[in-house]
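Novice: One structure coming up, written as structure tokens, with questions to follow.
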2 protein chains.
Amino acid sequence: MKLREFAQQLGLSPTTVSRALSGYPEVSEKTRKRVTEEAARLGYRPNINAVRLVTGRAGAIGVVMGRSGEFHFSEFMGGLAERLGSEDIDILVSPIDDKNPTGEIQLYSRLAVSGRVDAVIVHSPEPNDERIALLHKLGMPFLVHGRSDIDVPHAWLDIDNEGAIRRATSHLIDLGHRRIAMINGRQGRTFSLHRDKGYRDALEARGIPFDPRLVVHGNFTDELGFRFARSFLEQTPRPTAFVAGSMMTALGIYRAARSIGLEIGREVSVIAHDDVFPYLTADNMVPSLSATRSSMRAAGVRSADLVLQLLSGKPAEEVHELWPVELILRESTAPPPQAP
Amino acid sequence: MKLREFAQQLGLSPTTVSRALSGYPEVSEKTRKRVTEEAARLGYRPNINAVRLVTGRAGAIGVVMGRSGEFHFSEFMGGLAERLGSEDIDILVSPIDDKNPTGEIQLYSRLAVSGRVDAVIVHSPEPNDERIALLHKLGMPFLVHGRSDIDVPHAWLDIDNEGAIRRATSHLIDLGHRRIAMINGRQGRTFSLHRDKGYRDALEARGIPFDPRLVVHGNFTDELGFRFARSFLEQTPRPTAFVAGSMMTALGIYRAARSIGLEIGREVSVIAHDDVFPYLTADNMVPSLSATRSSMRAAGVRSADLVLQLLSGKPAEEVHELWPVELILRESTAPPPQAP
DNA sequence: GTCATAATTTAAAACGGTTTGGTTAAATCG
DNA sequence: CGATTTAACCAAACCGTTTTAAATTATGAC
């Protein structure tokens with residue numbers, strides 16, 4: 001049913017009906033009530049595409065999905081979805097086009113000019129992130145999940161990676177560890193750099209020299225966790241503790257330790273970062289995993305909030321949020337074994 | 001830039017320009033070439049919302065994201081995205097609205113009438129699935145990822161769950177196992193039922209009586225895997241083998257076995273279903289995990305294909321695809337230990 | 001009971017394209 | 001060579017809303 005017909009049935013003009021439904025003040029309460037009731041009864045809904053055309057709003061926010069299926073992606077999305085369910089806003093997942101060599105940046109550009117979305121969420125930024133520069137230039141509102149040093153105002157939501165890893169590392173040092181290996185995230189991402197810094201600062205604060213051979217970077221997979229941990233554990237002297245970037249990495253480390261016959265929580269300590277997944281929990285691992293914890297889903301929910309704020313006109317400069325990270329100690333951390 | 005201006009600059013009518021860009025035949029090759037070149041040069045792109053309004057097409061397909069962040073979701077999405085990247089079609093992730101008690105079915109209904117999508121993908125159907133009935137009634141094209149017994153024509157893509165589990169179970173029986181526990185997926189879903197059937201048929205074929213206490217259902221989490229496995233292993237006599245629904249479940253089983261001091265691959269055998277994740281691989285587990293394997297990402301890619309076929313007019317009745325599932329034997333399966 | 005003002009309602013003009021139904025120019029045919 | 005077909009292009013209608021500007025009606029002041 002079209003607005004025209006619907007209005008006619010009500011004996012009103014399309015204008016008044018439109019206004020009644022959109023909550024404009026210049027329509028009497030009595031009329032508004034009648035209109036909304038009849039709309040529900042007759043099942044009238046404004047054609048979304050007509051609305052989009054005339055308002056210029058897309059009613060959707062864009063999320064670019066990386067090629068590598070990152071397992072925290074769906075948690076973040078779930079959070080977004082949770083919050084956006086009550087608004088009338090969709091989530092547009094933009095596929096990265098493999099055949100297009102220019103790749104990601106091109107994709108953001110297309111997304112921004114396509115008019116399909118009102119705002120975009122940028123993940124895992126780098127200190128000098130091209131995407132951020134681009135979106136700013138194009139005037140597309142966006143929220144960065146993470147942070148960037150780039151000289152462009154941008155709204156962001158991030159967790160305190162630096163502080164989290166500093167505390168985790170400090171704790172290990174407090175327990176007596178001196179050779180602490182770190183299996184960090186992808187090289188070049190801001191969050192990895194922040195974690196590196198937290199790690200180094202913790203060492204420095206205790207006068208422990210930084211050994212670059214104890215820090216590696218890579219994707220968050222159990223495979224890399226295993227490989228890195230394995231090669232670390234084959235060194236002599238071997239590290240007595242690990243700081244790991246993700247739950248999957250921790251699984252790999254557990255496996256590596258076990259494969260060499262080392263007992264986690266006695267001979268090797270592990271602290272990993274936990275994004276909180278419903279299907280894999282640190283507390284359930286054996287031994288239970290000490291972790292820096294911050295809910296990815298909660299970040300999704302809040303990101304949706306912040307995007308809505310941006311869309312309602314709040315300047316990007318005023319949208320910054322840094323979340324503290326919990327450090328939860330469980331069985332996987334203990335003092336290092338005594339030297340024989 | 002609008003069509004009007006652009007056409008004027010070219011000295012052509014909007015009609016001709018529109019047709020040239022959309023590939024209609026009634027425009028000369030020379031003109032078409034000029035138009036496309038100039039469009040690229042001047043950066044003209046048809047306003048997507050105007051196109052949507054006038055054509056009635058949304059240029060997007062909808063995916064409903066369940067509340068429980070399922071970890072295979074992002075793999076499937078990744079596949080969809082991969083395939084749709086080259087088409088000009090978006091993926092719309094529809095949030096489930098918690099505040100709305102009618103919930104999922106309502107959501108599908110809204111999605112279907114909203115005009116935001118041209119087709120919908122339905123996940124994890126039940127034998128008599130309300131969503132399928134609804135979408136059919138509303139005339140919204142849809143693809144079911146999985147199958148349903150419902151008396152309504154529907155396009156589907158599914159893997160041979162029944163065959164996979166039948167073979168897995170048969171293999172365990174061949175090895176000499178008699179008490180085989182099964183940790184299956186959510187009660188009531190078609191895929192769980194198919195797996196149940198595969199399991200029972202395998203037993204029956206060898207004359208092994210079916211013991212309902214050996215089969216449980218639940219979400220695919222490490223926690224449930226652990227709990228179920230633990231309680232199975234505490235029974236006497238205890239099962240000597242497990243058939244598990246997911247990688248996460250398998251992690252839980254490994255953990256449970258270990259916690260009781262049982263060695264997987266010697267004292268307890270495990271076969272799990274592996275959807276193939278980049279971040280957690282069956283081959284890397286210790287001991288490596290025997291698995292029924294089928295790539296979730298590949299299913300996503302193919303689903304996109306099939307949806308495109310539906311959209312180009314292929315009748316739903318003709319879109320059915322059943323994929324075979326590999327059985328890959330690794331170290332987690334072995335003959336049961338000899339009775340003492 | 002007027003007149004000014006405020007509260008409602010409305011007609012018509014966008015929004016930016018696609019498509020229907022011509023029209024004109026060029027090509028083909030008898 | 002005139003008639004007929006075909007190729008190429010175009011004017012105008014339409015998609016279904018929102019919004020501007022104007023008209024009507026109701027309210028209040030005097």
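Chain identifiers are assigned as A, B, and so on, following the order in which chains appear in the structure tokens; residues are numbered from 1 within each chain, and ligands are numbered from 1 in order of appearance.
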Each residue of chain D with at least one atom at most 12 Å from segment 1-5 of chain C should appear once, together with its nearest atom pair and the corresponding distance in Å (one decimal); atoms considered: only C-alpha atoms (C1' of nucleotides); ordering: chain, then increasing residue number; output as a tab-separated table.

Specialist:
```
residue	atom	partner	partner_atom	distance
D:DA26	C1'	C:DT5	C1'	10.4
D:DT27	C1'	C:DT5	C1'	8.3
D:DG28	C1'	C:DT5	C1'	8.1
D:DA29	C1'	C:DA4	C1'	8.5
D:DC30	C1'	C:DT2	C1'	9.0
```

Novice: Could you build a table of the residues in chain C lying no more than 12 Å from chain A, giving for each the nearest pair of atoms and their separation in Å rounded to one decimal place, using only C-alpha atoms (C1' of nucleotides), ordered by chain and ascending residue number, as JSON lines?

Specialist:
```
{"residue": "C:DA6", "atom": "C1'", "partner": "A:Glu26", "partner_atom": "CA", "distance": 11.0}
{"residue": "C:DA7", "atom": "C1'", "partner": "A:Glu26", "partner_atom": "CA", "distance": 7.5}
{"residue": "C:DT8", "atom": "C1'", "partner": "A:Val27", "partner_atom": "CA", "distance": 6.2}
{"residue": "C:DT9", "atom": "C1'", "partner": "A:Thr16", "partner_atom": "CA", "distance": 6.7}
{"residue": "C:DT10", "atom": "C1'", "partner": "A:Ser13", "partner_atom": "CA", "distance": 6.3}
{"residue": "C:DA11", "atom": "C1'", "partner": "A:Ser13", "partner_atom": "CA", "distance": 9.1}
{"residue": "C:DA12", "atom": "C1'", "partner": "A:Thr15", "partner_atom": "CA", "distance": 10.9}
{"residue": "C:DA14", "atom": "C1'", "partner": "A:Val54", "partner_atom": "CA", "distance": 8.2}
{"residue": "C:DC15", "atom": "C1'", "partner": "A:Val54", "partner_atom": "CA", "distance": 4.5}
{"residue": "C:DG16", "atom": "C1'", "partner": "A:Leu53", "partner_atom": "CA", "distance": 7.7}
{"residue": "C:DG17", "atom": "C1'", "partner": "A:Leu53", "partner_atom": "CA", "distance": 9.8}
```

Novice: Got a sec: who's within 7 Å of segment 267-281 of chain B, counting only C-alpha atoms (C1' of nucleotides), leaving out chain neighbours fewer than 2 positions off, as a ChimeraX atom specification?

Specialist: /A:69,220-222,248 /B:168,240-247,250,262-265,283-285,289-296,332-334,336-337

Novice: With only C-alpha atoms (C1' of nucleotides) as the counted atoms, please give the residues lying no more than 10 Å from Tyr199 of chain B, apart from itself and same-chain residues fewer than 3 positions off, as a list of chain:residue names.

Specialist: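 Here the qualifying residues turn out to be B:Glu162, B:Gly163, B:Ala164, B:Ile165, B:Arg166, B:Arg167, B:Ala168, B:Thr169, B:Ser170, B:Ile180, B:Ala181, B:Met182, B:Leu193, B:His194, B:Arg195, B:Asp196, B:Ala202, B:Leu203, B:Glu204, B:Phe210, B:Val215, B:Val243.
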
Novice: With 10 Å as the limit and counting only C-alpha atoms (C1' of nucleotides), what residues in chain D lie close to chain A? Please list them as a list in words.

Specialist: DC15, DG16, DT17, DT18 and DT19 of chain D

Novice: Just write the chosen residues, C-alpha atoms (C1' of nucleotides), as a PDB file, in the first residue's frame.

Specialist:
```
ATOM      1  C1'  DC D  15       8.767   5.108  -8.550  1.00  0.00           C
ATOM      2  C1'  DG D  16       6.803   6.592  -3.259  1.00  0.00           C
ATOM      3  C1'  DT D  17       8.168   9.335  -0.143  1.00  0.00           C
ATOM      4  C1'  DT D  18       9.543  14.086   2.458  1.00  0.00           C
ATOM      5  C1'  DT D  19       9.439  18.882   2.759  1.00  0.00           C
TER       6       DT D  19
END
```

Novice: Considering only C-alpha atoms (C1' of nucleotides), return as a ChimeraX atom specification whatever protein or nucleic-acid residues lie within 8 Å of Ala155 of chain B, sequence-local ones (same chain, fewer than 6 positions apart) excluded.

Specialist: /B:142-144,316-320

Novice: Run DSSP on the backbone and give me the residues of segment 150-300 of chain A it puts in strand (DSSP E), as a ChimeraX atom specification.

Specialist: /A:155-159,180-184,215-217,241-244,269-274,290-293

Novice: Excluding DT28 of chain C and residues on its chain fewer than 6 positions from it, collect all residues at most 9 Å away from it, counting only C-alpha atoms (C1' of nucleotides), and give them as a list of chain:residue names.

Specialist: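 Returned residues: D:DT4, D:DT5, D:DT6.
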
Novice: Between atom CA of Glu321 of chain A and atom CA of Ile159 of chain A, what is the distance in Å, rounded to a tenth?

Specialist: 8.1 Å

Novice: From segment 85-319 of chain A, collect each residue whose DSSP state is alpha helix (DSSP H) and return the set as a PDB file with C-alpha atoms, in the first residue's frame.

Specialist:
```pdb
ATOM      1  CA  GLU A 104      40.642  -2.581   0.880  1.00  0.00           C
ATOM      2  CA  ILE A 105      41.128   1.142   0.504  1.00  0.00           C
ATOM      3  CA  GLN A 106      39.239   1.085  -2.771  1.00  0.00           C
ATOM      4  CA  LEU A 107      36.472  -0.772  -1.036  1.00  0.00           C
ATOM      5  CA  TYR A 108      36.132   1.844   1.645  1.00  0.00           C
ATOM      6  CA  SER A 109      36.091   4.476  -1.011  1.00  0.00           C
ATOM      7  CA  ARG A 110      33.324   2.745  -2.908  1.00  0.00           C
ATOM      8  CA  LEU A 111      31.402   2.186   0.263  1.00  0.00           C
ATOM      9  CA  ALA A 112      31.663   5.832   1.211  1.00  0.00           C
ATOM     10  CA  VAL A 113      30.515   7.236  -2.103  1.00  0.00           C
ATOM     11  CA  SER A 114      27.954   4.556  -2.801  1.00  0.00           C
ATOM     12  CA  GLU A 130      44.938   5.229   5.045  1.00  0.00           C
ATOM     13  CA  ARG A 131      41.309   4.297   5.539  1.00  0.00           C
ATOM     14  CA  ILE A 132      40.843   6.925   8.207  1.00  0.00           C
ATOM     15  CA  ALA A 133      42.396   9.601   6.035  1.00  0.00           C
ATOM     16  CA  LEU A 134      40.171   8.583   3.174  1.00  0.00           C
ATOM     17  CA  LEU A 135      36.928   8.532   5.101  1.00  0.00           C
ATOM     18  CA  HIS A 136      37.718  11.880   6.628  1.00  0.00           C
ATOM     19  CA  LYS A 137      38.458  13.340   3.228  1.00  0.00           C
ATOM     20  CA  LEU A 138      35.231  11.974   1.816  1.00  0.00           C
ATOM     21  CA  ASN A 161      45.835  -2.660  25.444  1.00  0.00           C
ATOM     22  CA  GLU A 162      48.954  -1.012  26.719  1.00  0.00           C
ATOM     23  CA  GLY A 163      47.828  -0.968  30.326  1.00  0.00           C
ATOM     24  CA  ALA A 164      46.484  -4.500  30.117  1.00  0.00           C
ATOM     25  CA  ILE A 165      49.710  -5.971  28.870  1.00  0.00           C
ATOM     26  CA  ARG A 166      51.767  -3.810  31.212  1.00  0.00           C
ATOM     27  CA  ARG A 167      49.885  -5.205  34.157  1.00  0.00           C
ATOM     28  CA  ALA A 168      49.990  -8.738  32.841  1.00  0.00           C
ATOM     29  CA  THR A 169      53.728  -8.530  32.286  1.00  0.00           C
ATOM     30  CA  SER A 170      54.322  -6.819  35.623  1.00  0.00           C
ATOM     31  CA  HIS A 171      52.416  -9.541  37.330  1.00  0.00           C
ATOM     32  CA  LEU A 172      54.604 -12.179  35.749  1.00  0.00           C
ATOM     33  CA  ILE A 173      57.676 -10.254  36.820  1.00  0.00           C
ATOM     34  CA  ASP A 174      56.277 -10.029  40.342  1.00  0.00           C
ATOM     35  CA  THR A 190      48.080  -0.003  16.624  1.00  0.00           C
ATOM     36  CA  PHE A 191      46.823  -2.503  19.156  1.00  0.00           C
ATOM     37  CA  SER A 192      49.912  -4.648  18.641  1.00  0.00           C
ATOM     38  CA  LEU A 193      52.134  -1.626  19.091  1.00  0.00           C
ATOM     39  CA  HIS A 194      50.322  -0.671  22.261  1.00  0.00           C
ATOM     40  CA  ARG A 195      50.769  -4.149  23.592  1.00  0.00           C
ATOM     41  CA  ASP A 196      54.420  -4.082  22.674  1.00  0.00           C
ATOM     42  CA  LYS A 197      54.774  -0.857  24.573  1.00  0.00           C
ATOM     43  CA  GLY A 198      53.008  -2.192  27.647  1.00  0.00           C
ATOM     44  CA  TYR A 199      55.296  -5.177  27.606  1.00  0.00           C
ATOM     45  CA  ARG A 200      58.475  -3.150  27.226  1.00  0.00           C
ATOM     46  CA  ASP A 201      57.476  -0.597  29.817  1.00  0.00           C
ATOM     47  CA  ALA A 202      56.795  -3.305  32.355  1.00  0.00           C
ATOM     48  CA  LEU A 203      60.225  -4.806  31.738  1.00  0.00           C
ATOM     49  CA  GLU A 204      61.915  -1.462  31.852  1.00  0.00           C
ATOM     50  CA  ALA A 205      60.242  -0.504  35.093  1.00  0.00           C
ATOM     51  CA  ASP A 222      46.178 -21.820  17.276  1.00  0.00           C
ATOM     52  CA  GLU A 223      48.675 -22.843  14.663  1.00  0.00           C
ATOM     53  CA  LEU A 224      50.859 -19.782  15.079  1.00  0.00           C
ATOM     54  CA  GLY A 225      50.478 -19.987  18.837  1.00  0.00           C
ATOM     55  CA  PHE A 226      51.797 -23.510  18.698  1.00  0.00           C
ATOM     56  CA  ARG A 227      54.635 -22.824  16.314  1.00  0.00           C
ATOM     57  CA  PHE A 228      55.880 -19.751  18.084  1.00  0.00           C
ATOM     58  CA  ALA A 229      55.553 -21.289  21.517  1.00  0.00           C
ATOM     59  CA  ARG A 230      57.264 -24.419  20.358  1.00  0.00           C
ATOM     60  CA  SER A 231      60.243 -22.578  18.980  1.00  0.00           C
ATOM     61  CA  PHE A 232      60.424 -20.416  22.096  1.00  0.00           C
ATOM     62  CA  LEU A 233      60.401 -23.458  24.318  1.00  0.00           C
ATOM     63  CA  MET A 247      42.517 -17.324  23.171  1.00  0.00           C
ATOM     64  CA  MET A 248      43.442 -19.232  20.050  1.00  0.00           C
ATOM     65  CA  THR A 249      47.082 -18.373  20.550  1.00  0.00           C
ATOM     66  CA  ALA A 250      46.767 -19.644  24.109  1.00  0.00           C
ATOM     67  CA  LEU A 251      45.377 -22.945  22.855  1.00  0.00           C
ATOM     68  CA  GLY A 252      48.455 -23.252  20.681  1.00  0.00           C
ATOM     69  CA  ILE A 253      50.755 -22.473  23.581  1.00  0.00           C
ATOM     70  CA  TYR A 254      49.057 -25.045  25.798  1.00  0.00           C
ATOM     71  CA  ARG A 255      49.487 -27.576  23.084  1.00  0.00           C
ATOM     72  CA  ALA A 256      53.141 -26.722  22.562  1.00  0.00           C
ATOM     73  CA  ALA A 257      53.908 -26.952  26.254  1.00  0.00           C
ATOM     74  CA  ARG A 258      52.154 -30.269  26.509  1.00  0.00           C
ATOM     75  CA  SER A 259      53.929 -31.621  23.477  1.00  0.00           C
ATOM     76  CA  ILE A 260      57.230 -30.987  25.202  1.00  0.00           C
ATOM     77  CA  MET A 296      34.169  -7.884  22.309  1.00  0.00           C
ATOM     78  CA  ARG A 297      30.412  -8.057  22.283  1.00  0.00           C
ATOM     79  CA  ALA A 298      30.146  -5.186  24.721  1.00  0.00           C
ATOM     80  CA  ALA A 299      32.451  -3.204  22.461  1.00  0.00           C
ATOM     81  CA  GLY A 300      30.067  -3.901  19.607  1.00  0.00           C
ATOM     82  CA  VAL A 301      27.096  -2.690  21.590  1.00  0.00           C
ATOM     83  CA  ARG A 302      28.853   0.467  22.621  1.00  0.00           C
ATOM     84  CA  SER A 303      30.195   1.060  19.122  1.00  0.00           C
ATOM     85  CA  ALA A 304      26.646   1.084  17.863  1.00  0.00           C
ATOM     86  CA  ASP A 305      25.828   3.682  20.489  1.00  0.00           C
ATOM     87  CA  LEU A 306      28.710   5.864  19.486  1.00  0.00           C
ATOM     88  CA  VAL A 307      27.894   5.627  15.818  1.00  0.00           C
ATOM     89  CA  LEU A 308      24.360   6.721  16.592  1.00  0.00           C
ATOM     90  CA  GLN A 309      25.791   9.696  18.439  1.00  0.00           C
ATOM     91  CA  LEU A 310      27.926  10.567  15.461  1.00  0.00           C
ATOM     92  CA  LEU A 311      24.928  10.357  13.203  1.00  0.00           C
TER      93      LEU A 311
END
```

Novice: Which of these, A:Leu80, A:Val35, A:Ala20, A:Leu92, has the shortest distance to Val63 of chain A once you count only C-alpha atoms?

Specialist: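 Nearest to Val63 of chain A: A:Leu92.
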
Novice: Rounded to one decimal, what separation in Å do you get between atom CA of Leu322 of chain A and atom CA of Pro127 of chain A?

Specialist: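 Spanning atom CA of Leu322 of chain A to atom CA of Pro127 of chain A is a straight-line distance of 16.3 Å.
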
Novice: Check the smallest atom-to-atom distance from each of B:Pro315, B:Pro239, B:Gly62, B:Pro335 to chain A using only C-alpha atoms, then report the winner.

Specialist: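 Of the candidates, the smallest distance to chain A is held by B:Gly62.
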
Novice: Could you jot down the atom CA of Met65 of chain A to atom CA of Gly78 of chain B separation for me, Å, one decimal place?

Specialist: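 Spanning atom CA of Met65 of chain A to atom CA of Gly78 of chain B is a straight-line distance of 7.3 Å.
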